[in-house]
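Reviewing the structure listed below.
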Amino acid sequence: MKSKLLLSLLALTLAGTAAAQVKPEDAIKFRQSGYGFMAWNMQRIKMNVEGGNFNKEEVIKAANAIQAIANSGMGALYLPGTDKGTGWEPTRAKSNIWTDKEKLGKAATEFNKEANEKAKVAASGDAAAIGVQLGKLGGTCKGCHDDFKAKK
């Protein structure tokens, strides 16, 4: 247990150090790319669940991609100076993402939990359960968008 905590702290420190060396516009691009990639994979799952041609292996690949990004430490890309600026497009992060850390932390934890659960449920191959879990995961995305992402 103690070694897991130490490894986690080391990983966070290294991620923070690496992210601190990223230019603000690149950090915004990386964030936008990660979120876009997750959205595409959620769409892949949705098409499998609702489209009539369920492919368990495709669902598993998509769920694992979402899980990997959710647990990658993308929060480290919200660096000072990235509250305004342009990556692939102008950032739409609201200013409270830097100040309401408790609410953001809860939202991120809930998203990670549901992404991890999504990967487990996808492995079961149960299309109905996968659809339910996709809804739960999507709900965490919507909550964060409502609170921390400006509308176009």
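Scheme for the structure tokens: letters A, B, ... for chains in order shown; per-chain residue numbers from 1; ligand numbers from 1 in order shown.
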With a distance cut-off of 9 Å and only C-alpha atoms, select the neighbouring residues of region 101-111 of chain A, excluding the residue or stretch itself and same-chain residues fewer than 4 positions from it, and output the selection as a PyMOL selection string.
chain A and resi 70+75+96-97+115-116+137-141+143-144+147-148
Residue subset to file, keeping all heavy atoms, as a tab-separated table (two decimals), in the first residue's frame:
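Once written, result.tsv looks like this:
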chain	number	residue	atom	x	y	z
A	70	ALA	N	-8.73	8.81	-19.73
A	70	ALA	CA	-9.30	9.28	-18.46
A	70	ALA	C	-8.29	9.18	-17.33
A	70	ALA	O	-8.27	10.02	-16.43
A	70	ALA	CB	-10.56	8.49	-18.12
A	75	GLY	N	-5.36	16.41	-16.39
A	75	GLY	CA	-5.50	17.61	-15.56
A	75	GLY	C	-4.22	18.42	-15.51
A	75	GLY	O	-4.24	19.64	-15.31
A	96	ASN	N	-13.45	29.22	-13.84
A	96	ASN	CA	-13.59	28.52	-12.56
A	96	ASN	C	-12.91	27.15	-12.53
A	96	ASN	O	-12.76	26.55	-11.48
A	96	ASN	CB	-15.07	28.38	-12.17
A	96	ASN	CG	-15.86	27.49	-13.10
A	96	ASN	OD1	-15.63	27.48	-14.32
A	96	ASN	ND2	-16.80	26.76	-12.55
A	97	ILE	N	-12.44	26.68	-13.67
A	97	ILE	CA	-11.75	25.40	-13.69
A	97	ILE	C	-10.43	25.51	-12.91
A	97	ILE	O	-9.93	24.54	-12.37
A	97	ILE	CB	-11.53	24.89	-15.13
A	97	ILE	CG1	-11.36	23.37	-15.14
A	97	ILE	CG2	-10.36	25.57	-15.80
A	97	ILE	CD1	-11.48	22.75	-16.50
A	115	ALA	N	-15.32	5.74	-16.33
A	115	ALA	CA	-14.52	5.25	-17.46
A	115	ALA	C	-13.92	3.88	-17.14
A	115	ALA	O	-13.90	2.99	-18.00
A	115	ALA	CB	-13.41	6.26	-17.79
A	116	ASN	N	-13.45	3.71	-15.92
A	116	ASN	CA	-12.92	2.41	-15.51
A	116	ASN	C	-14.01	1.35	-15.51
A	116	ASN	O	-13.80	0.22	-15.95
A	116	ASN	CB	-12.26	2.51	-14.13
A	116	ASN	CG	-10.99	3.32	-14.16
A	116	ASN	OD1	-10.32	3.42	-15.19
A	116	ASN	ND2	-10.65	3.94	-13.05
A	137	LEU	N	-21.39	7.26	-18.05
A	137	LEU	CA	-20.16	7.94	-18.42
A	137	LEU	C	-20.47	9.27	-19.10
A	137	LEU	O	-19.88	10.30	-18.76
A	137	LEU	CB	-19.32	7.05	-19.34
A	137	LEU	CG	-18.00	7.62	-19.84
A	137	LEU	CD1	-17.06	7.94	-18.68
A	137	LEU	CD2	-17.35	6.66	-20.82
A	138	GLY	N	-21.41	9.26	-20.03
A	138	GLY	CA	-21.80	10.49	-20.70
A	138	GLY	C	-22.34	11.54	-19.75
A	138	GLY	O	-22.13	12.74	-19.93
A	139	GLY	N	-23.03	11.09	-18.70
A	139	GLY	CA	-23.54	12.01	-17.68
A	139	GLY	C	-22.42	12.74	-16.97
A	139	GLY	O	-22.55	13.93	-16.64
A	140	THR	N	-21.30	12.05	-16.73
A	140	THR	CA	-20.17	12.73	-16.08
A	140	THR	C	-19.55	13.76	-17.02
A	140	THR	O	-19.12	14.82	-16.57
A	140	THR	CB	-19.09	11.74	-15.60
A	140	THR	OG1	-18.48	11.10	-16.71
A	140	THR	CG2	-19.65	10.71	-14.63
A	141	CYS	N	-19.54	13.46	-18.32
A	141	CYS	CA	-19.03	14.43	-19.30
A	141	CYS	C	-19.91	15.68	-19.30
A	141	CYS	O	-19.40	16.79	-19.24
A	141	CYS	CB	-19.02	13.83	-20.70
A	141	CYS	SG	-17.90	12.44	-20.92
A	143	GLY	N	-21.93	16.83	-17.00
A	143	GLY	CA	-21.81	17.60	-15.78
A	143	GLY	C	-20.59	18.50	-15.78
A	143	GLY	O	-20.66	19.68	-15.40
A	144	CYS	N	-19.48	17.97	-16.24
A	144	CYS	CA	-18.25	18.76	-16.30
A	144	CYS	C	-18.38	19.86	-17.35
A	144	CYS	O	-17.98	21.00	-17.12
A	144	CYS	CB	-17.06	17.86	-16.59
A	144	CYS	SG	-15.48	18.62	-16.22
A	147	ASP	N	-20.46	22.73	-16.03
A	147	ASP	CA	-19.80	23.53	-15.00
A	147	ASP	C	-18.52	24.23	-15.47
A	147	ASP	O	-18.19	25.30	-14.97
A	147	ASP	CB	-19.45	22.64	-13.80
A	147	ASP	CG	-20.68	22.16	-13.06
A	147	ASP	OD1	-21.74	22.82	-13.14
A	147	ASP	OD2	-20.58	21.11	-12.39
A	148	PHE	N	-17.79	23.61	-16.39
A	148	PHE	CA	-16.43	24.10	-16.68
A	148	PHE	C	-16.12	24.41	-18.14
A	148	PHE	O	-15.00	24.79	-18.46
A	148	PHE	CB	-15.40	23.09	-16.17
A	148	PHE	CG	-15.46	22.88	-14.68
A	148	PHE	CD1	-15.95	21.70	-14.14
A	148	PHE	CD2	-15.05	23.88	-13.79
A	148	PHE	CE1	-16.02	21.50	-12.77
A	148	PHE	CE2	-15.10	23.69	-12.43
A	148	PHE	CZ	-15.60	22.50	-11.91
Of the candidates A:Lys118, A:Lys84, A:Lys94, A:Lys56, which one gets nearest to Glu25 (chain A) if we count only C-alpha atoms?
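Ranked by minimum distance to Glu25 (chain A), first place goes to A:Lys84.
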Going by DSSP on the backbone, which residues of chain A come out as helix (DSSP H, G or I)? List them as a VMD selection string.
chain A and resid 2 to 20 24 to 50 56 to 70 74 to 77 95 to 97 101 to 124 127 to 148
By how many Å are CA of Arg31 (chain A) and CA of Leu79 (chain A) apart?
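Separating CA of Arg31 (chain A) from CA of Leu79 (chain A) is a distance of 10.8 Å.
Between CA of Thr99 (chain A) and CA of Ala68 (chain A) the interatomic distance comes to 26.2 Å.
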If you count only C-alpha atoms, the residue of A:Gln21, A:Ala62, A:Val121, A:Ile28 closest to Arg44 (chain A) turns out to be A:Ala62
Min atom-atom distance to Val59 (chain A) from the set A:Gly125, A:Pro80, A:Gly34, A:Gly73, counting only C-alpha atoms, belongs to A:Gly125
